[in-house]
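In what follows, a structure is listed as structure tokens, so that the remarks can point back to it.
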Amino acid sequence: MGEAVARVARKVNDTVENKADSLDLANCKLMSFPVGVYKAVRSVTEGIHRISLANNELKSITSRFVTTFSQLRELNLAGNYLHRLPEEITSLLHLRTIDLSRNRFRRFPEPLATVPALESIDLEENEIAEVPTDKLASMALLRSLNLRANPVGPEVRLLVRPLVPFELLLSPEEPIHP
């Protein structure tokens, strides 16, 4: 435990000291975003454009996280235990890329449909069966939606250009054996 805490502290200090535009807390065994980090990065939050919290043990992302890092452009939350996102995610006006692969989503996280600058959503390896196709079709800047390795229904497979202006990545259909 102490080793993981020290690693987080080191990475946070690097970001603050270098006034870096990214915060990498991947592979830190985090079960939640450490509250102490908010205080530590207070002076540089506006400049942080990329955060990776990949491969941790996060069960949720709080609204405080989203509102603190309001200038995010890339958010990597792959490999956690997330099953929903806070409504406040819609306030990330500059967010272009979000990686939610290898999580526990059963439904498409609908707040993402109203994030204005979003270009790429990765939801590979979740448990998503239904997708709000009408909402996705209205996402003006979306370029790529990865739903590989999800149990999506056949209606999602009908989402092809020109109906939607983005690339939809799906796993090959399983052949139906009689």
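How things are named: the first chain in the structure tokens is A, the next is B, and so on; residues count from 1 in each chain; ligands count from 1 in the order shown.
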Run DSSP on the backbone and give me the residues of region 22-174 of chain A it puts in helix (DSSP H, G or I), as a count of residues only.
38
Would you give me, as a CSV table (one decimal) with all heavy atoms, in the first residue's frame, the residues in chain A that DSSP reads as strand (DSSP E or B)?
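As written to disk, part-v1.csv reads:
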chain,number,residue,atom,x,y,z
A,22,SER,N,-0.4,16.7,-18.5
A,22,SER,CA,-1.0,15.4,-18.2
A,22,SER,C,-0.7,14.9,-16.8
A,22,SER,O,0.3,15.2,-16.2
A,22,SER,CB,-0.5,14.4,-19.3
A,22,SER,OG,0.9,14.2,-19.2
A,23,LEU,N,-1.6,14.0,-16.4
A,23,LEU,CA,-1.5,13.4,-15.1
A,23,LEU,C,-1.7,11.9,-15.3
A,23,LEU,O,-2.8,11.5,-15.8
A,23,LEU,CB,-2.5,13.9,-14.1
A,23,LEU,CG,-2.6,13.3,-12.7
A,23,LEU,CD1,-1.3,13.5,-12.0
A,23,LEU,CD2,-3.7,13.9,-11.9
A,24,ASP,N,-0.7,11.1,-15.1
A,24,ASP,CA,-0.7,9.7,-15.3
A,24,ASP,C,-0.7,8.9,-14.0
A,24,ASP,O,0.3,8.8,-13.3
A,24,ASP,CB,0.5,9.3,-16.2
A,24,ASP,CG,0.4,7.8,-16.5
A,24,ASP,OD1,-0.5,7.1,-16.1
A,24,ASP,OD2,1.3,7.3,-17.3
A,50,ARG,N,-4.8,16.0,-20.1
A,50,ARG,CA,-4.8,14.5,-20.3
A,50,ARG,C,-4.7,13.9,-18.9
A,50,ARG,O,-3.7,14.2,-18.2
A,50,ARG,CB,-3.7,14.0,-21.2
A,50,ARG,CG,-3.9,14.4,-22.7
A,50,ARG,CD,-3.0,13.6,-23.6
A,50,ARG,NE,-1.6,13.7,-23.2
A,50,ARG,CZ,-0.8,14.6,-23.5
A,50,ARG,NH1,-1.2,15.6,-24.3
A,50,ARG,NH2,0.5,14.7,-23.1
A,51,ILE,N,-5.6,12.9,-18.6
A,51,ILE,CA,-5.5,12.1,-17.4
A,51,ILE,C,-5.6,10.7,-17.8
A,51,ILE,O,-6.6,10.3,-18.5
A,51,ILE,CB,-6.5,12.6,-16.3
A,51,ILE,CG1,-6.2,14.0,-15.9
A,51,ILE,CG2,-6.5,11.6,-15.2
A,51,ILE,CD1,-7.1,14.5,-14.8
A,52,SER,N,-4.7,9.9,-17.2
A,52,SER,CA,-4.9,8.4,-17.3
A,52,SER,C,-5.1,7.8,-15.9
A,52,SER,O,-4.2,8.0,-15.1
A,52,SER,CB,-3.7,7.7,-18.0
A,52,SER,OG,-3.9,6.3,-18.0
A,74,GLU,N,-8.4,14.5,-23.0
A,74,GLU,CA,-8.3,13.1,-23.1
A,74,GLU,C,-8.5,12.5,-21.7
A,74,GLU,O,-7.8,13.0,-20.8
A,74,GLU,CB,-7.0,12.6,-23.7
A,74,GLU,CG,-6.7,13.0,-25.1
A,74,GLU,CD,-5.3,12.7,-25.6
A,74,GLU,OE1,-4.7,11.7,-25.1
A,74,GLU,OE2,-4.8,13.4,-26.4
A,75,LEU,N,-9.3,11.5,-21.6
A,75,LEU,CA,-9.5,10.8,-20.3
A,75,LEU,C,-9.4,9.3,-20.6
A,75,LEU,O,-10.2,8.8,-21.3
A,75,LEU,CB,-10.8,11.2,-19.7
A,75,LEU,CG,-11.2,10.6,-18.4
A,75,LEU,CD1,-10.1,10.9,-17.3
A,75,LEU,CD2,-12.6,11.2,-17.9
A,76,ASN,N,-8.5,8.7,-19.9
A,76,ASN,CA,-8.3,7.2,-20.0
A,76,ASN,C,-8.7,6.6,-18.7
A,76,ASN,O,-8.0,6.7,-17.7
A,76,ASN,CB,-6.9,6.9,-20.4
A,76,ASN,CG,-6.7,5.4,-20.7
A,76,ASN,OD1,-7.6,4.6,-20.4
A,76,ASN,ND2,-5.6,5.0,-21.2
A,97,THR,N,-11.5,12.7,-26.4
A,97,THR,CA,-11.3,11.3,-26.4
A,97,THR,C,-11.5,10.7,-25.0
A,97,THR,O,-11.0,11.2,-24.1
A,97,THR,CB,-9.8,10.9,-26.8
A,97,THR,OG1,-9.6,11.5,-28.1
A,97,THR,CG2,-9.6,9.5,-26.9
A,98,ILE,N,-12.3,9.6,-25.0
A,98,ILE,CA,-12.5,9.0,-23.7
A,98,ILE,C,-12.4,7.4,-23.9
A,98,ILE,O,-13.0,6.9,-24.9
A,98,ILE,CB,-13.9,9.3,-23.0
A,98,ILE,CG1,-13.9,8.8,-21.6
A,98,ILE,CG2,-15.1,8.9,-23.8
A,98,ILE,CD1,-15.0,9.4,-20.7
A,99,ASP,N,-11.6,6.8,-23.1
A,99,ASP,CA,-11.4,5.4,-23.2
A,99,ASP,C,-12.0,4.7,-21.9
A,99,ASP,O,-11.5,4.9,-20.8
A,99,ASP,CB,-9.9,5.1,-23.2
A,99,ASP,CG,-9.6,3.6,-23.5
A,99,ASP,OD1,-10.5,2.8,-23.3
A,99,ASP,OD2,-8.5,3.3,-23.9
A,107,ARG,N,-24.9,-0.4,-20.0
A,107,ARG,CA,-25.6,0.5,-21.0
A,107,ARG,C,-24.6,1.5,-21.4
A,107,ARG,O,-23.7,1.9,-20.7
A,107,ARG,CB,-26.8,1.2,-20.3
A,107,ARG,CG,-27.9,0.2,-19.9
A,107,ARG,CD,-29.3,0.8,-19.7
A,107,ARG,NE,-29.3,2.1,-19.1
A,107,ARG,CZ,-29.6,2.4,-17.8
A,107,ARG,NH1,-29.8,1.4,-17.0
A,107,ARG,NH2,-29.7,3.6,-17.4
A,120,SER,N,-13.9,10.6,-30.1
A,120,SER,CA,-13.6,9.2,-30.0
A,120,SER,C,-14.1,8.6,-28.6
A,120,SER,O,-13.7,9.1,-27.6
A,120,SER,CB,-12.1,8.9,-30.2
A,120,SER,OG,-11.8,7.6,-29.9
A,121,ILE,N,-14.9,7.5,-28.7
A,121,ILE,CA,-15.3,6.8,-27.5
A,121,ILE,C,-14.9,5.4,-27.6
A,121,ILE,O,-15.3,4.7,-28.6
A,121,ILE,CB,-16.9,6.9,-27.3
A,121,ILE,CG1,-17.4,8.3,-27.3
A,121,ILE,CG2,-17.3,6.1,-26.1
A,121,ILE,CD1,-18.9,8.5,-27.4
A,122,ASP,N,-14.2,4.9,-26.7
A,122,ASP,CA,-13.8,3.5,-26.7
A,122,ASP,C,-14.5,2.7,-25.5
A,122,ASP,O,-14.2,3.0,-24.4
A,122,ASP,CB,-12.3,3.3,-26.5
A,122,ASP,CG,-11.8,1.9,-26.7
A,122,ASP,OD1,-12.6,1.0,-26.7
A,122,ASP,OD2,-10.6,1.7,-27.0
A,130,GLU,N,-27.5,-2.4,-25.3
A,130,GLU,CA,-28.3,-1.3,-26.0
A,130,GLU,C,-27.5,0.0,-26.2
A,130,GLU,O,-26.8,0.3,-25.3
A,130,GLU,CB,-29.6,-1.1,-25.2
A,130,GLU,CG,-30.5,-2.3,-25.3
A,130,GLU,CD,-31.8,-2.0,-24.5
A,130,GLU,OE1,-32.2,-0.8,-24.4
A,130,GLU,OE2,-32.3,-2.9,-23.9
A,144,SER,N,-15.3,8.2,-34.0
A,144,SER,CA,-15.1,6.7,-33.8
A,144,SER,C,-15.8,6.3,-32.5
A,144,SER,O,-15.6,6.9,-31.5
A,144,SER,CB,-13.6,6.5,-33.7
A,144,SER,OG,-13.4,5.1,-33.3
A,145,LEU,N,-16.5,5.2,-32.6
A,145,LEU,CA,-17.2,4.5,-31.5
A,145,LEU,C,-16.8,3.1,-31.5
A,145,LEU,O,-17.2,2.4,-32.4
A,145,LEU,CB,-18.7,4.7,-31.5
A,145,LEU,CG,-19.5,3.9,-30.5
A,145,LEU,CD1,-19.1,4.3,-29.0
A,145,LEU,CD2,-21.0,4.2,-30.7
A,146,ASN,N,-16.0,2.6,-30.5
A,146,ASN,CA,-15.6,1.2,-30.4
A,146,ASN,C,-16.5,0.5,-29.5
A,146,ASN,O,-16.5,0.7,-28.3
A,146,ASN,CB,-14.1,1.2,-30.0
A,146,ASN,CG,-13.6,-0.3,-30.0
A,146,ASN,OD1,-14.3,-1.2,-30.2
A,146,ASN,ND2,-12.3,-0.4,-29.8
A,167,GLU,N,-17.2,6.2,-37.5
A,167,GLU,CA,-16.8,4.8,-37.7
A,167,GLU,C,-17.3,4.1,-36.5
A,167,GLU,O,-16.9,4.4,-35.4
A,167,GLU,CB,-15.3,4.7,-37.9
A,167,GLU,CG,-14.8,3.3,-38.1
A,167,GLU,CD,-13.3,3.2,-38.2
A,167,GLU,OE1,-12.6,4.2,-37.8
A,167,GLU,OE2,-12.8,2.2,-38.7
A,168,LEU,N,-18.0,3.0,-36.7
A,168,LEU,CA,-18.5,2.1,-35.7
A,168,LEU,C,-17.7,0.8,-35.7
A,168,LEU,O,-17.7,0.1,-36.7
A,168,LEU,CB,-20.0,1.9,-35.8
A,168,LEU,CG,-20.6,0.9,-34.8
A,168,LEU,CD1,-20.6,1.5,-33.4
A,168,LEU,CD2,-22.1,0.7,-35.2
A,169,LEU,N,-17.0,0.5,-34.6
A,169,LEU,CA,-16.2,-0.7,-34.6
A,169,LEU,C,-17.0,-1.7,-33.7
A,169,LEU,O,-17.2,-1.5,-32.6
A,169,LEU,CB,-14.9,-0.4,-33.9
A,169,LEU,CG,-14.1,0.7,-34.6
A,169,LEU,CD1,-12.8,1.1,-33.8
A,169,LEU,CD2,-13.7,0.3,-36.0
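Of note, CA of Phe105 (chain A) and CA of Gly153 (chain A) are spaced 15.0 Å apart.
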Give the answer as one residue: which of A:Thr67, A:Val12, A:Leu25, A:Pro109 has the shortest atom-to-atom distance to Val41 (chain A), using only C-alpha atoms?
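Nearest to Val41 (chain A): A:Val12.
Contact shell of Gly36 (chain A) at 12 Å (only C-alpha atoms; same-chain neighbours under 4 positions omitted): Val5, Val8, Ala9, Val12, Asn13, Ser32, Ala40, Val41, Arg42 and Phe65 of chain A.
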May I have the selected residues written with N, CA, C and O atoms, as a tab-separated table (two decimals), in the first residue's frame?
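Wrote result_7.tsv, looks like this:
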chain	number	residue	atom	x	y	z
A	5	VAL	N	1.03	4.45	-2.73
A	5	VAL	CA	0.82	5.85	-2.32
A	5	VAL	C	2.02	6.69	-2.75
A	5	VAL	O	1.87	7.80	-3.28
A	8	VAL	N	1.89	7.37	-6.48
A	8	VAL	CA	0.91	8.41	-6.80
A	8	VAL	C	1.50	9.78	-6.47
A	8	VAL	O	1.45	10.71	-7.29
A	9	ALA	N	2.09	9.91	-5.28
A	9	ALA	CA	2.66	11.20	-4.86
A	9	ALA	C	3.74	11.66	-5.83
A	9	ALA	O	3.80	12.83	-6.21
A	12	VAL	N	2.11	12.81	-9.13
A	12	VAL	CA	1.43	14.09	-8.95
A	12	VAL	C	2.47	15.22	-8.86
A	12	VAL	O	2.32	16.26	-9.49
A	13	ASN	N	3.53	14.98	-8.10
A	13	ASN	CA	4.59	16.00	-7.97
A	13	ASN	C	5.22	16.31	-9.32
A	13	ASN	O	5.51	17.48	-9.62
A	32	SER	N	-10.34	4.70	-5.55
A	32	SER	CA	-11.05	5.96	-5.81
A	32	SER	C	-9.98	7.00	-6.11
A	32	SER	O	-8.79	6.78	-5.84
A	40	ALA	N	-3.17	19.01	-4.12
A	40	ALA	CA	-1.80	19.02	-4.65
A	40	ALA	C	-1.72	19.64	-6.04
A	40	ALA	O	-0.73	20.30	-6.37
A	41	VAL	N	-2.73	19.43	-6.86
A	41	VAL	CA	-2.67	19.93	-8.24
A	41	VAL	C	-3.47	21.22	-8.46
A	41	VAL	O	-3.59	21.69	-9.58
A	42	ARG	N	-3.97	21.77	-7.36
A	42	ARG	CA	-4.84	22.95	-7.47
A	42	ARG	C	-4.27	24.04	-8.36
A	42	ARG	O	-4.97	24.64	-9.17
A	65	PHE	N	-14.33	15.25	-9.48
A	65	PHE	CA	-13.23	14.97	-10.40
A	65	PHE	C	-13.48	15.71	-11.72
A	65	PHE	O	-12.62	16.39	-12.26
Find, counting only C-alpha atoms, the residue in A:Leu159, A:Ile89, A:Leu142, A:Cys28 that gets nearest to Phe69 (chain A).
A:Ile89
Distance query Glu155 (chain A) at most 12 Å, only C-alpha atoms, self and fewer than 3 positions along chain excluded, as a list in words
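The contact residues come out as Ala129, Glu130, Val131, Pro132, Thr133, Asp134, Pro151, Val152, Leu158, Leu159 and Val160 of chain A.
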Pick out the residues sitting within 10 Å of Ala140 (chain A), and hand them over as a ChimeraX atom specification; count only C-alpha atoms, and ignore anything fewer than 5 positions along from it in its own chain.
/A:113-114,116-119,164-166
Measure the distance from CA of Leu77 (chain A) to CA of Glu173 (chain A) in Å and round it to one decimal.
26.8 Å
Measuring between only C-alpha atoms, which one of A:Leu92, A:Val44, A:Leu30, A:Ala149 shows the shortest distance to Ser63 (chain A)?
A:Leu92
So, with only C-alpha atoms as the atoms that count, which of A:Ser101, A:Asn150, A:Gln71, A:Asn80 lies closest to Asp21 (chain A)?
A:Gln71
